[in-house]
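File shown: work04.pdb (PDB, C-alpha atoms and all ligand atoms).
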```pdb
MODEL        1
ATOM      1  CA  MET A   1     -59.901   4.806   5.539
ATOM      2  CA  SER A   2     -62.667   4.335   8.025
ATOM      3  CA  TRP A   3     -63.795   1.681  10.492
ATOM      4  CA  LYS A   4     -66.375   2.553  13.139
ATOM      5  CA  ASN A   5     -67.704   0.725  16.181
ATOM      6  CA  GLN A   6     -71.395   0.241  16.987
ATOM      7  CA  HIS A   7     -71.484   3.718  18.643
ATOM      8  CA  GLY A   8     -70.295   5.342  15.447
ATOM      9  CA  GLU A   9     -66.836   6.151  16.861
ATOM     10  CA  GLU A  10     -64.002   6.108  14.352
ATOM     11  CA  LEU A  11     -61.341   3.548  15.235
ATOM     12  CA  LEU A  12     -58.778   4.501  12.591
ATOM     13  CA  PHE A  13     -56.812   7.736  12.593
ATOM     14  CA  THR A  14     -56.883  10.128   9.644
ATOM     15  CA  SER A  15     -54.927  13.364   9.819
ATOM     16  CA  SER A  16     -56.800  16.663   9.583
ATOM     17  CA  LYS A  17     -54.026  17.606   7.130
ATOM     18  CA  ALA A  18     -54.453  14.494   4.960
ATOM     19  CA  ILE A  19     -54.242  15.230   1.247
ATOM     20  CA  PHE A  20     -56.797  13.321  -0.812
ATOM     21  CA  LYS A  21     -55.113  13.724  -4.139
ATOM     22  CA  PRO A  22     -53.693  10.969  -6.343
ATOM     23  CA  PRO A  23     -51.021   9.807  -6.879
ATOM     24  CA  LYS A  24     -50.121   9.895  -3.147
ATOM     25  CA  ALA A  25     -51.740   7.940  -0.335
ATOM     26  CA  MET A  26     -53.575   9.975   2.313
ATOM     27  CA  ARG A  27     -52.144  10.100   5.868
ATOM     28  CA  GLY A  28     -54.234   7.659   7.869
ATOM     29  CA  GLY A  29     -56.468   4.607   7.541
ATOM     30  CA  ILE A  30     -54.651   1.430   6.509
ATOM     31  CA  PRO A  31     -52.315   2.059   3.566
ATOM     32  CA  ILE A  32     -51.056  -1.147   1.954
ATOM     33  CA  CYS A  33     -47.258  -1.299   1.738
ATOM     34  CA  PHE A  34     -46.450  -3.518  -1.250
ATOM     35  CA  PRO A  35     -44.198  -4.689  -2.911
ATOM     36  CA  GLN A  36     -41.728  -2.970  -0.578
ATOM     37  CA  PHE A  37     -41.949  -1.957   3.049
ATOM     38  CA  GLY A  38     -39.847   1.081   4.002
ATOM     39  CA  ASN A  39     -37.143   2.555   1.864
ATOM     40  CA  CYS A  40     -34.658  -0.348   1.658
ATOM     41  CA  GLY A  41     -35.127  -1.194  -1.999
ATOM     42  CA  LEU A  42     -35.347   0.318  -5.444
ATOM     43  CA  LEU A  43     -38.949   1.496  -5.217
ATOM     44  CA  GLU A  44     -40.554   4.529  -3.597
ATOM     45  CA  GLN A  45     -41.001   4.359   0.218
ATOM     46  CA  HIS A  46     -43.513   1.595   1.113
ATOM     47  CA  GLY A  47     -43.969   0.562  -2.540
ATOM     48  CA  PHE A  48     -46.524   1.703  -5.083
ATOM     49  CA  ALA A  49     -49.706  -0.149  -4.046
ATOM     50  CA  ARG A  50     -50.884   2.556  -1.623
ATOM     51  CA  ASN A  51     -50.620   5.201  -4.318
ATOM     52  CA  LYS A  52     -52.771   3.412  -6.887
ATOM     53  CA  VAL A  53     -56.443   3.409  -7.753
ATOM     54  CA  TRP A  54     -57.811  -0.080  -7.066
ATOM     55  CA  THR A  55     -60.924  -1.531  -8.672
ATOM     56  CA  ILE A  56     -63.858  -3.137  -6.895
ATOM     57  CA  ASP A  57     -64.641  -6.694  -7.933
ATOM     58  CA  GLU A  58     -68.413  -6.515  -8.510
ATOM     59  CA  ILE A  59     -68.777 -10.314  -8.588
ATOM     60  CA  PRO A  60     -66.357 -11.582  -5.935
ATOM     61  CA  PRO A  61     -65.992 -15.243  -4.973
ATOM     62  CA  PRO A  62     -68.245 -16.012  -1.966
ATOM     63  CA  LEU A  63     -66.975 -16.275   1.616
ATOM     64  CA  PRO A  64     -66.166 -19.831   2.667
ATOM     65  CA  PRO A  65     -69.356 -21.355   4.231
ATOM     66  CA  ASN A  66     -67.638 -21.810   7.631
ATOM     67  CA  ASP A  67     -66.702 -18.105   7.728
ATOM     68  CA  SER A  68     -69.755 -16.364   6.304
ATOM     69  CA  ASN A  69     -71.855 -15.925   9.442
ATOM     70  CA  GLY A  70     -73.051 -12.301   9.550
ATOM     71  CA  LYS A  71     -70.077 -10.963   7.577
ATOM     72  CA  SER A  72     -70.095  -8.171   5.011
ATOM     73  CA  PHE A  73     -67.182  -7.849   2.651
ATOM     74  CA  VAL A  74     -65.753  -6.078  -0.362
ATOM     75  CA  ASP A  75     -62.976  -7.231  -2.708
ATOM     76  CA  LEU A  76     -60.519  -4.774  -4.214
ATOM     77  CA  ILE A  77     -58.195  -5.688  -7.049
ATOM     78  CA  LEU A  78     -54.823  -4.298  -8.057
ATOM     79  CA  LYS A  79     -52.950  -5.289 -11.198
ATOM     80  CA  PRO A  80     -49.768  -3.591 -12.389
ATOM     81  CA  SER A  81     -50.049  -0.974 -15.098
ATOM     82  CA  SER A  82     -47.409  -0.569 -17.786
ATOM     83  CA  GLU A  83     -45.980   2.279 -15.650
ATOM     84  CA  GLU A  84     -45.297  -0.004 -12.631
ATOM     85  CA  LEU A  85     -43.933  -2.732 -14.894
ATOM     86  CA  LYS A  86     -41.170  -0.339 -15.979
ATOM     87  CA  PHE A  87     -39.869  -0.097 -12.377
ATOM     88  CA  TRP A  88     -40.937  -3.517 -11.103
ATOM     89  CA  PRO A  89     -41.235  -5.890 -14.074
ATOM     90  CA  HIS A  90     -43.406  -8.550 -12.418
ATOM     91  CA  SER A  91     -46.993  -9.365 -13.299
ATOM     92  CA  PHE A  92     -49.181 -10.017 -10.302
ATOM     93  CA  GLU A  93     -52.809 -10.096  -9.298
ATOM     94  CA  TYR A  94     -53.597  -8.719  -5.870
ATOM     95  CA  ARG A  95     -57.005  -9.321  -4.270
ATOM     96  CA  LEU A  96     -57.690  -7.512  -0.999
ATOM     97  CA  ARG A  97     -60.782  -8.645   0.871
ATOM     98  CA  ALA A  98     -61.973  -6.335   3.660
ATOM     99  CA  SER A  99     -64.707  -7.822   5.815
ATOM    100  CA  LEU A 100     -66.629  -6.877   8.928
ATOM    101  CA  GLY A 101     -67.941  -9.478  11.339
ATOM    102  CA  SER A 102     -71.165  -9.168  13.321
ATOM    103  CA  ASN A 103     -68.975  -8.499  16.419
ATOM    104  CA  GLY A 104     -67.390  -5.545  14.591
ATOM    105  CA  GLN A 105     -64.141  -7.380  13.857
ATOM    106  CA  LEU A 106     -62.259  -6.024  10.857
ATOM    107  CA  SER A 107     -60.503  -8.619   8.696
ATOM    108  CA  LEU A 108     -58.177  -7.857   5.821
ATOM    109  CA  ILE A 109     -57.049 -10.704   3.623
ATOM    110  CA  SER A 110     -54.496 -10.104   0.884
ATOM    111  CA  ARG A 111     -53.956 -12.708  -1.809
ATOM    112  CA  ILE A 112     -51.097 -11.973  -4.154
ATOM    113  CA  ARG A 113     -50.493 -14.256  -7.109
ATOM    114  CA  ASN A 114     -47.514 -14.402  -9.439
ATOM    115  CA  VAL A 115     -48.883 -14.454 -12.991
ATOM    116  CA  ASN A 116     -45.412 -13.882 -14.407
ATOM    117  CA  GLY A 117     -42.913 -16.222 -15.994
ATOM    118  CA  LYS A 118     -40.293 -15.550 -13.286
ATOM    119  CA  PRO A 119     -40.159 -15.577  -9.470
ATOM    120  CA  PHE A 120     -40.483 -12.259  -7.637
ATOM    121  CA  THR A 121     -39.818 -11.141  -4.071
ATOM    122  CA  PHE A 122     -41.664  -8.591  -1.937
ATOM    123  CA  SER A 123     -42.077  -7.215   1.563
ATOM    124  CA  PHE A 124     -45.407  -6.058   2.895
ATOM    125  CA  ALA A 125     -47.309  -4.232   5.670
ATOM    126  CA  TYR A 126     -50.839  -3.238   6.607
ATOM    127  CA  HIS A 127     -49.805   0.215   7.835
ATOM    128  CA  THR A 128     -52.600   0.487  10.397
ATOM    129  CA  TYR A 129     -53.150   3.959  11.895
ATOM    130  CA  MET A 130     -55.076   3.363  15.116
ATOM    131  CA  SER A 131     -56.940   6.231  16.683
ATOM    132  CA  VAL A 132     -55.930   6.600  20.358
ATOM    133  CA  SER A 133     -56.995   9.015  23.102
ATOM    134  CA  ASP A 134     -53.498  10.108  24.078
ATOM    135  CA  ILE A 135     -50.321   8.233  23.162
ATOM    136  CA  SER A 136     -49.020   8.602  26.733
ATOM    137  CA  GLU A 137     -52.043   6.570  27.915
ATOM    138  CA  VAL A 138     -51.364   3.676  25.542
ATOM    139  CA  ARG A 139     -49.407   0.482  26.007
ATOM    140  CA  VAL A 140     -48.736  -2.417  23.679
ATOM    141  CA  GLU A 141     -48.650  -5.966  25.008
ATOM    142  CA  GLY A 142     -47.418  -9.046  23.174
ATOM    143  CA  LEU A 143     -44.001  -7.751  22.053
ATOM    144  CA  GLU A 144     -42.151  -8.410  25.325
ATOM    145  CA  THR A 145     -38.704 -10.068  24.999
ATOM    146  CA  LEU A 146     -38.877 -10.123  21.171
ATOM    147  CA  ASP A 147     -36.029  -9.021  18.919
ATOM    148  CA  TYR A 148     -36.607  -5.885  16.884
ATOM    149  CA  LEU A 149     -34.889  -3.799  14.202
ATOM    150  CA  ASP A 150     -34.719  -0.146  15.168
ATOM    151  CA  ASN A 151     -35.178   2.181  12.193
ATOM    152  CA  LEU A 152     -33.924   5.075  14.333
ATOM    153  CA  PHE A 153     -30.541   3.303  14.668
ATOM    154  CA  GLN A 154     -29.739   2.050  11.134
ATOM    155  CA  ARG A 155     -31.965  -0.995  11.587
ATOM    156  CA  GLU A 156     -29.762  -2.399  14.352
ATOM    157  CA  ARG A 157     -31.119  -5.421  16.160
ATOM    158  CA  TYR A 158     -32.158  -5.124  19.828
ATOM    159  CA  THR A 159     -34.150  -7.240  22.264
ATOM    160  CA  GLU A 160     -37.262  -5.832  23.948
ATOM    161  CA  GLN A 161     -37.470  -5.931  27.744
ATOM    162  CA  GLY A 162     -40.052  -7.859  29.702
ATOM    163  CA  ASP A 163     -42.499  -4.967  30.116
ATOM    164  CA  ALA A 164     -45.296  -3.763  27.883
ATOM    165  CA  LEU A 165     -44.253  -1.079  25.399
ATOM    166  CA  THR A 166     -45.141   2.506  26.370
ATOM    167  CA  PHE A 167     -44.426   5.761  24.524
ATOM    168  CA  GLU A 168     -42.348   8.764  25.595
ATOM    169  CA  SER A 169     -40.522   9.587  22.353
ATOM    170  CA  GLU A 170     -40.340   8.636  18.667
ATOM    171  CA  VAL A 171     -40.636   4.890  18.014
ATOM    172  CA  ASP A 172     -39.928   3.258  14.646
ATOM    173  CA  ARG A 173     -39.318  -0.480  15.039
ATOM    174  CA  VAL A 174     -39.892  -3.795  13.332
ATOM    175  CA  TYR A 175     -40.572  -6.529  15.910
ATOM    176  CA  LEU A 176     -39.593  -9.922  14.518
ATOM    177  CA  SER A 177     -41.532 -13.189  14.525
ATOM    178  CA  CYS A 178     -44.323 -11.960  16.809
ATOM    179  CA  PRO A 179     -46.817 -14.480  18.163
ATOM    180  CA  ASN A 180     -50.557 -13.770  18.330
ATOM    181  CA  PRO A 181     -52.165 -11.725  19.734
ATOM    182  CA  VAL A 182     -50.734  -8.227  20.043
ATOM    183  CA  ALA A 183     -52.858  -5.834  22.098
ATOM    184  CA  VAL A 184     -52.960  -2.041  21.917
ATOM    185  CA  ILE A 185     -54.456  -0.944  25.218
ATOM    186  CA  ASP A 186     -55.866   2.586  25.327
ATOM    187  CA  HIS A 187     -56.469   3.519  28.971
ATOM    188  CA  GLY A 188     -57.969   6.880  28.032
ATOM    189  CA  LYS A 189     -60.668   5.379  25.803
ATOM    190  CA  LYS A 190     -60.914   2.209  27.933
ATOM    191  CA  ARG A 191     -60.632   0.022  24.871
ATOM    192  CA  THR A 192     -58.179  -2.485  23.464
ATOM    193  CA  PHE A 193     -57.361  -3.329  19.870
ATOM    194  CA  VAL A 194     -56.649  -7.067  19.775
ATOM    195  CA  ILE A 195     -54.605  -7.883  16.666
ATOM    196  CA  ARG A 196     -54.239 -11.362  15.210
ATOM    197  CA  LYS A 197     -52.386 -12.184  12.037
ATOM    198  CA  ASP A 198     -51.550 -15.035   9.753
ATOM    199  CA  GLY A 199     -48.762 -15.048   7.166
ATOM    200  CA  LEU A 200     -47.448 -11.793   8.678
ATOM    201  CA  PRO A 201     -44.600 -12.685  11.050
ATOM    202  CA  ASP A 202     -43.432  -9.165  11.915
ATOM    203  CA  VAL A 203     -45.065  -6.170  13.607
ATOM    204  CA  VAL A 204     -44.060  -2.589  12.849
ATOM    205  CA  VAL A 205     -44.648   0.006  15.587
ATOM    206  CA  TRP A 206     -44.422   3.665  14.607
ATOM    207  CA  ASN A 207     -45.143   6.985  16.247
ATOM    208  CA  PRO A 208     -43.300  10.020  14.865
ATOM    209  CA  TRP A 209     -43.538  12.110  18.085
ATOM    210  CA  ASP A 210     -43.215  15.904  18.067
ATOM    211  CA  LYS A 211     -40.090  16.687  16.052
ATOM    212  CA  LYS A 212     -40.745  14.259  13.156
ATOM    213  CA  SER A 213     -44.420  15.297  13.032
ATOM    214  CA  LYS A 214     -43.399  18.865  12.273
ATOM    215  CA  ALA A 215     -41.456  17.610   9.257
ATOM    216  CA  ILE A 216     -44.413  15.636   7.832
ATOM    217  CA  VAL A 217     -46.499  18.051   5.775
ATOM    218  CA  ASP A 218     -49.707  16.047   5.884
ATOM    219  CA  LEU A 219     -49.670  15.507   9.666
ATOM    220  CA  GLY A 220     -50.625  18.182  12.220
ATOM    221  CA  ASP A 221     -47.889  19.118  14.727
ATOM    222  CA  GLU A 222     -49.812  17.709  17.704
ATOM    223  CA  GLU A 223     -51.610  14.845  15.968
ATOM    224  CA  TYR A 224     -48.966  12.266  16.896
ATOM    225  CA  LYS A 225     -50.683  12.184  20.310
ATOM    226  CA  HIS A 226     -53.782  10.651  18.778
ATOM    227  CA  MET A 227     -52.322   7.976  16.504
ATOM    228  CA  LEU A 228     -50.290   4.819  16.743
ATOM    229  CA  CYS A 229     -49.304   2.591  13.837
ATOM    230  CA  VAL A 230     -49.106  -1.104  14.657
ATOM    231  CA  ASP A 231     -48.746  -3.057  11.410
ATOM    232  CA  GLY A 232     -48.922  -6.758  10.646
ATOM    233  CA  ALA A 233     -45.990  -7.084   8.247
ATOM    234  CA  VAL A 234     -43.429  -9.162   6.381
ATOM    235  CA  VAL A 235     -40.109  -7.332   6.624
ATOM    236  CA  GLU A 236     -37.147  -9.392   7.778
ATOM    237  CA  ASN A 237     -37.653 -12.338   5.435
ATOM    238  CA  PRO A 238     -39.390 -11.163   2.254
ATOM    239  CA  ILE A 239     -41.716 -13.507   0.382
ATOM    240  CA  THR A 240     -40.665 -15.089  -2.909
ATOM    241  CA  LEU A 241     -43.418 -16.307  -5.219
ATOM    242  CA  LYS A 242     -42.666 -18.651  -8.088
ATOM    243  CA  PRO A 243     -44.808 -18.464 -11.259
ATOM    244  CA  GLY A 244     -48.389 -19.488 -10.435
ATOM    245  CA  GLU A 245     -47.855 -19.342  -6.640
ATOM    246  CA  GLU A 246     -50.036 -17.304  -4.295
ATOM    247  CA  TRP A 247     -49.322 -15.699  -0.913
ATOM    248  CA  MET A 248     -51.948 -14.944   1.699
ATOM    249  CA  GLY A 249     -51.624 -12.448   4.567
ATOM    250  CA  ARG A 250     -54.516 -12.000   6.998
ATOM    251  CA  LEU A 251     -54.970  -9.320   9.644
ATOM    252  CA  GLU A 252     -57.838  -9.355  12.138
ATOM    253  CA  ILE A 253     -58.538  -6.553  14.593
ATOM    254  CA  LEU A 254     -61.181  -6.751  17.279
ATOM    255  CA  VAL A 255     -61.900  -3.910  19.662
ATOM    256  CA  VAL A 256     -62.872  -4.933  23.179
ATOM    257  CA  ALA A 257     -63.841  -2.777  26.131
ATOM    258  CA  SER A 258     -61.475  -2.103  29.076
ATOM    259  CA  SER A 259     -58.258  -4.073  29.514
ATOM    260  CA  PHE A 260     -56.896  -6.822  27.358
ATOM    261  CA  CYS A 261     -58.153 -10.352  27.974
ATOM    262  CA  SER A 262     -55.514 -12.931  27.077
ATOM    263  CA  ASP A 263     -56.210 -15.736  24.638
ATOM    264  CA  HIS A 264     -56.795 -18.429  27.234
TER     265      HIS A 264
HETATM  266  C1  LIG B 301     -43.330   3.669   9.088
HETATM  267  C2  LIG B 301     -41.851   3.652   8.883
HETATM  268  O1  LIG B 301     -43.854   2.407   8.895
HETATM  269  O2  LIG B 301     -43.910   4.577   8.164
HETATM  270  C3  LIG B 301     -41.331   5.053   9.142
HETATM  271  O3  LIG B 301     -41.252   2.715   9.747
HETATM  272  C4  LIG B 301     -42.027   6.044   8.220
HETATM  273  O4  LIG B 301     -39.936   5.077   8.966
HETATM  274  C5  LIG B 301     -43.524   5.907   8.405
HETATM  275  O5  LIG B 301     -41.614   7.347   8.544
HETATM  276  C6  LIG B 301     -44.347   6.829   7.523
HETATM  277  O6  LIG B 301     -44.012   6.681   6.193
HETATM  278  P1  LIG B 301     -44.705   7.559   5.078
HETATM  279  O7  LIG B 301     -44.000   7.210   3.806
HETATM  280  O8  LIG B 301     -46.155   7.178   5.047
HETATM  281  O9  LIG B 301     -44.503   8.983   5.501
ENDMDL
END
```
Hey, can you dump this file as structure tokens for me?
Amino acid sequence: MSWKNQHGEELLFTSSKAIFKPPKAMRGGIPICFPQFGNCGLLEQHGFARNKVWTIDEIPPPLPPNDSNGKSFVDLILKPSSEELKFWPHSFEYRLRASLGSNGQLSLISRIRNVNGKPFTFSFAYHTYMSVSDISEVRVEGLETLDYLDNLFQRERYTEQGDALTFESEVDRVYLSCPNPVAVIDHGKKRTFVIRKDGLPDVVVWNPWDKKSKAIVDLGDEEYKHMLCVDGAVVENPITLKPGEEWMGRLEILVVASSFCSDH
């Protein structure tokens, strides 16, 4: 729900109309979409994981020694209840590790294990609501020339042009097989979210714009100006886990001042 920089500024968006009442996820933060992204499937939109109460693992396994320098972390666990098993009859263990580096980098690592007797298949997204100054001052770099599925046009496949992505209307797309990094550059706030991912080939970009915002009860009519969802995701080719197998999906977001510095 919350991730702040060293000046105490919130980096994630939460709607002023967010409803903090189970069994629905609140509008903002980083909801986990599992075991289904979107509404193409038998489950509720974006799956059930975001609507569940997770437990904290009080005695988590330690960080690997080569990755422990100055990091704080918490492990959250989700296991299916008998209610979920009725709709999605697959036993799994899901461990989500959220950690903060000494440079303020947020890392989310999901490990999902099949503890069932049969294979199961899922799609996934870290539905990351970034807080931005003004959506018209934002551009996204790293998606140029990639293919994407456009949810506004029955998931038809298009190819992005050579320019950075800017926003003038509703956007609801799944960019396919995106290389690292993807950068969300906020000119108004003079900061850049640099996103790196592992095990998450696709990137979802969503902003509902004015008309859709009015139809979303837990989002203020004008709040679309101050949010942008850019999600590390697995959408086009869902993951299949055989019994005993584990999947890992890692998202890292670092906020840097001014414009985006490329990897090299
Ligand atoms: C996006 C989807 O990821 O999430 C959109 O691509 C959807 O189609 C949006 O509207 C919000 O979904 P929800 O279920 O949180 O309102």
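Using all atoms listed in the file for every distance, the candidate list A:Asp202, A:Asp57, A:Glu93, A:Asp163 yields A:Asp202 as the residue closest to ligand LIG 301 (chain B).
Picture a line from CA of Tyr148 (chain A) to CA of Met130 (chain A); it runs 20.7 Å.
With all atoms listed in the file as the atoms that count, the minimum distance from ligand LIG 301 (chain B) to the choices A:Asp172, A:Asp221, A:Glu44, A:Glu141 is reached by A:Asp172.
Between CA of Val230 (chain A) and CA of Val204 (chain A) the interatomic distance comes to 5.6 Å.
The result of the PyMOL selection byres (((not hetatm)) within 6 of (chain B and resi 301)) on the shown file is A:Gly38, A:Gln45, A:Asp172, A:Trp206.
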Keeping C-alpha atoms, export the residues of the selection given above as an mmCIF file, in the frame of the given file.
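Just written: selection_1.cif:
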```cif
data_model
loop_
_atom_site.group_PDB
_atom_site.id
_atom_site.type_symbol
_atom_site.label_atom_id
_atom_site.label_comp_id
_atom_site.auth_asym_id
_atom_site.auth_seq_id
_atom_site.Cartn_x
_atom_site.Cartn_y
_atom_site.Cartn_z
ATOM 1 C CA GLY A 38 -39.847 1.081 4.002
ATOM 2 C CA GLN A 45 -41.001 4.359 0.218
ATOM 3 C CA ASP A 172 -39.928 3.258 14.646
ATOM 4 C CA TRP A 206 -44.422 3.665 14.607
#
```
What residues have an atom no more than 8 Å from (-53.5, -5.9, -14.0) in the file's own frame, counting only C-alpha atoms, and can you write them as a PDB file with C-alpha atoms, in the coordinates of the input?
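This went into out_27.pdb:
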```pdb
ATOM      1  CA  LEU A  78     -54.823  -4.298  -8.057  1.00  0.00           C
ATOM      2  CA  LYS A  79     -52.950  -5.289 -11.198  1.00  0.00           C
ATOM      3  CA  PRO A  80     -49.768  -3.591 -12.389  1.00  0.00           C
ATOM      4  CA  SER A  81     -50.049  -0.974 -15.098  1.00  0.00           C
ATOM      5  CA  SER A  91     -46.993  -9.365 -13.299  1.00  0.00           C
ATOM      6  CA  PHE A  92     -49.181 -10.017 -10.302  1.00  0.00           C
ATOM      7  CA  GLU A  93     -52.809 -10.096  -9.298  1.00  0.00           C
TER       8      GLU A  93
END
```
For Asp210 (chain A): contacts at 8 Å, all atoms listed in the file, fewer than 5 positions along chain excluded, given as a ChimeraX atom specification: /A:170,221-222,224
Ground truth for the PyMOL selection byres (((chain A and resi 183) around 7) and not hetatm), written as number ranges by chain: A: 140-142, 181-182, 184-185, 192-195, 260
Generate the output file for the selected residues, C-alpha atoms, as a tab-separated table (two decimals), in the coordinates of the input.
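Saved to part.tsv:
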```tsv
chain	number	residue	atom	x	y	z
A	140	VAL	CA	-48.74	-2.42	23.68
A	141	GLU	CA	-48.65	-5.97	25.01
A	142	GLY	CA	-47.42	-9.05	23.17
A	181	PRO	CA	-52.16	-11.72	19.73
A	182	VAL	CA	-50.73	-8.23	20.04
A	184	VAL	CA	-52.96	-2.04	21.92
A	185	ILE	CA	-54.46	-0.94	25.22
A	192	THR	CA	-58.18	-2.48	23.46
A	193	PHE	CA	-57.36	-3.33	19.87
A	194	VAL	CA	-56.65	-7.07	19.77
A	195	ILE	CA	-54.60	-7.88	16.67
A	260	PHE	CA	-56.90	-6.82	27.36
```
Residues selected by the PyMOL selection byres (((chain A and resi 28-32) around 6) and not hetatm), written as an NGL selection string: :A and (1 or 12-14 or 27 or 33 or 50 or 126-129)
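Coordinates place CA of Asn66 (chain A) at a distance of 16.0 Å from CA of Asn103 (chain A).
Each of A:Lys242, A:Lys189, A:Arg250, A:His90 was checked against Pro119 (chain A) using all atoms listed in the file; the smallest atom-to-atom distance is that of A:Lys242.
Distance annotation: of A:Leu228, A:Leu152, A:Ile112, A:Leu43, the residue with the minimal separation from Glu245 (chain A) is A:Ile112; atom set is all atoms listed in the file.
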Who sits within 8 Å of Leu100 (chain A), all atoms listed in the file, same chain under 5 positions skipped, as a PyMOL selection string: chain A and resi 71-73+105-107
Distance query Gly162 (chain A) at most 10 Å, all atoms listed in the file, self and fewer than 3 positions along chain excluded, as a PDB file with C-alpha atoms, keeping the file's coordinate frame:
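Contents of the output file result-v1.pdb:
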```pdb
ATOM      1  CA  GLU A 141     -48.650  -5.966  25.008  1.00  0.00           C
ATOM      2  CA  GLY A 142     -47.418  -9.046  23.174  1.00  0.00           C
ATOM      3  CA  LEU A 143     -44.001  -7.751  22.053  1.00  0.00           C
ATOM      4  CA  GLU A 144     -42.151  -8.410  25.325  1.00  0.00           C
ATOM      5  CA  THR A 145     -38.704 -10.068  24.999  1.00  0.00           C
ATOM      6  CA  LEU A 146     -38.877 -10.123  21.171  1.00  0.00           C
ATOM      7  CA  THR A 159     -34.150  -7.240  22.264  1.00  0.00           C
ATOM      8  CA  LEU A 165     -44.253  -1.079  25.399  1.00  0.00           C
TER       9      LEU A 165
END
```
Name the residues in contact with Ser15 (chain A) at a cut-off of 9 Å, using all atoms listed in the file, excluding same-chain residues fewer than 5 positions from it; report them as an mmCIF file with C-alpha atoms, keeping the file's coordinate frame.
```cif
data_model
loop_
_atom_site.group_PDB
_atom_site.id
_atom_site.type_symbol
_atom_site.label_atom_id
_atom_site.label_comp_id
_atom_site.auth_asym_id
_atom_site.auth_seq_id
_atom_site.Cartn_x
_atom_site.Cartn_y
_atom_site.Cartn_z
ATOM 1 C CA MET A 26 -53.575 9.975 2.313
ATOM 2 C CA ARG A 27 -52.144 10.100 5.868
ATOM 3 C CA GLY A 28 -54.234 7.659 7.869
ATOM 4 C CA ASP A 218 -49.707 16.047 5.884
ATOM 5 C CA LEU A 219 -49.670 15.507 9.666
ATOM 6 C CA GLY A 220 -50.625 18.182 12.220
ATOM 7 C CA GLU A 223 -51.610 14.845 15.968
ATOM 8 C CA MET A 227 -52.322 7.976 16.504
#
```
Centre and edge lengths, as lines of an AutoDock Vina configuration file, for the axis-aligned box enclosing every listed atom of region 193-196 of chain A with 6 Å of padding on each of the six sides, in Å to one decimal?
```
center_x = -55.8
center_y = -7.3
center_z = 17.5
size_x = 15.1
size_y = 20.0
size_z = 16.7
```
Contact residues around Ile56 (chain A) with all atoms listed in the file at 7 Å, ignoring same-chain residues under 3 positions, as an NGL selection string: :A and (75-77)
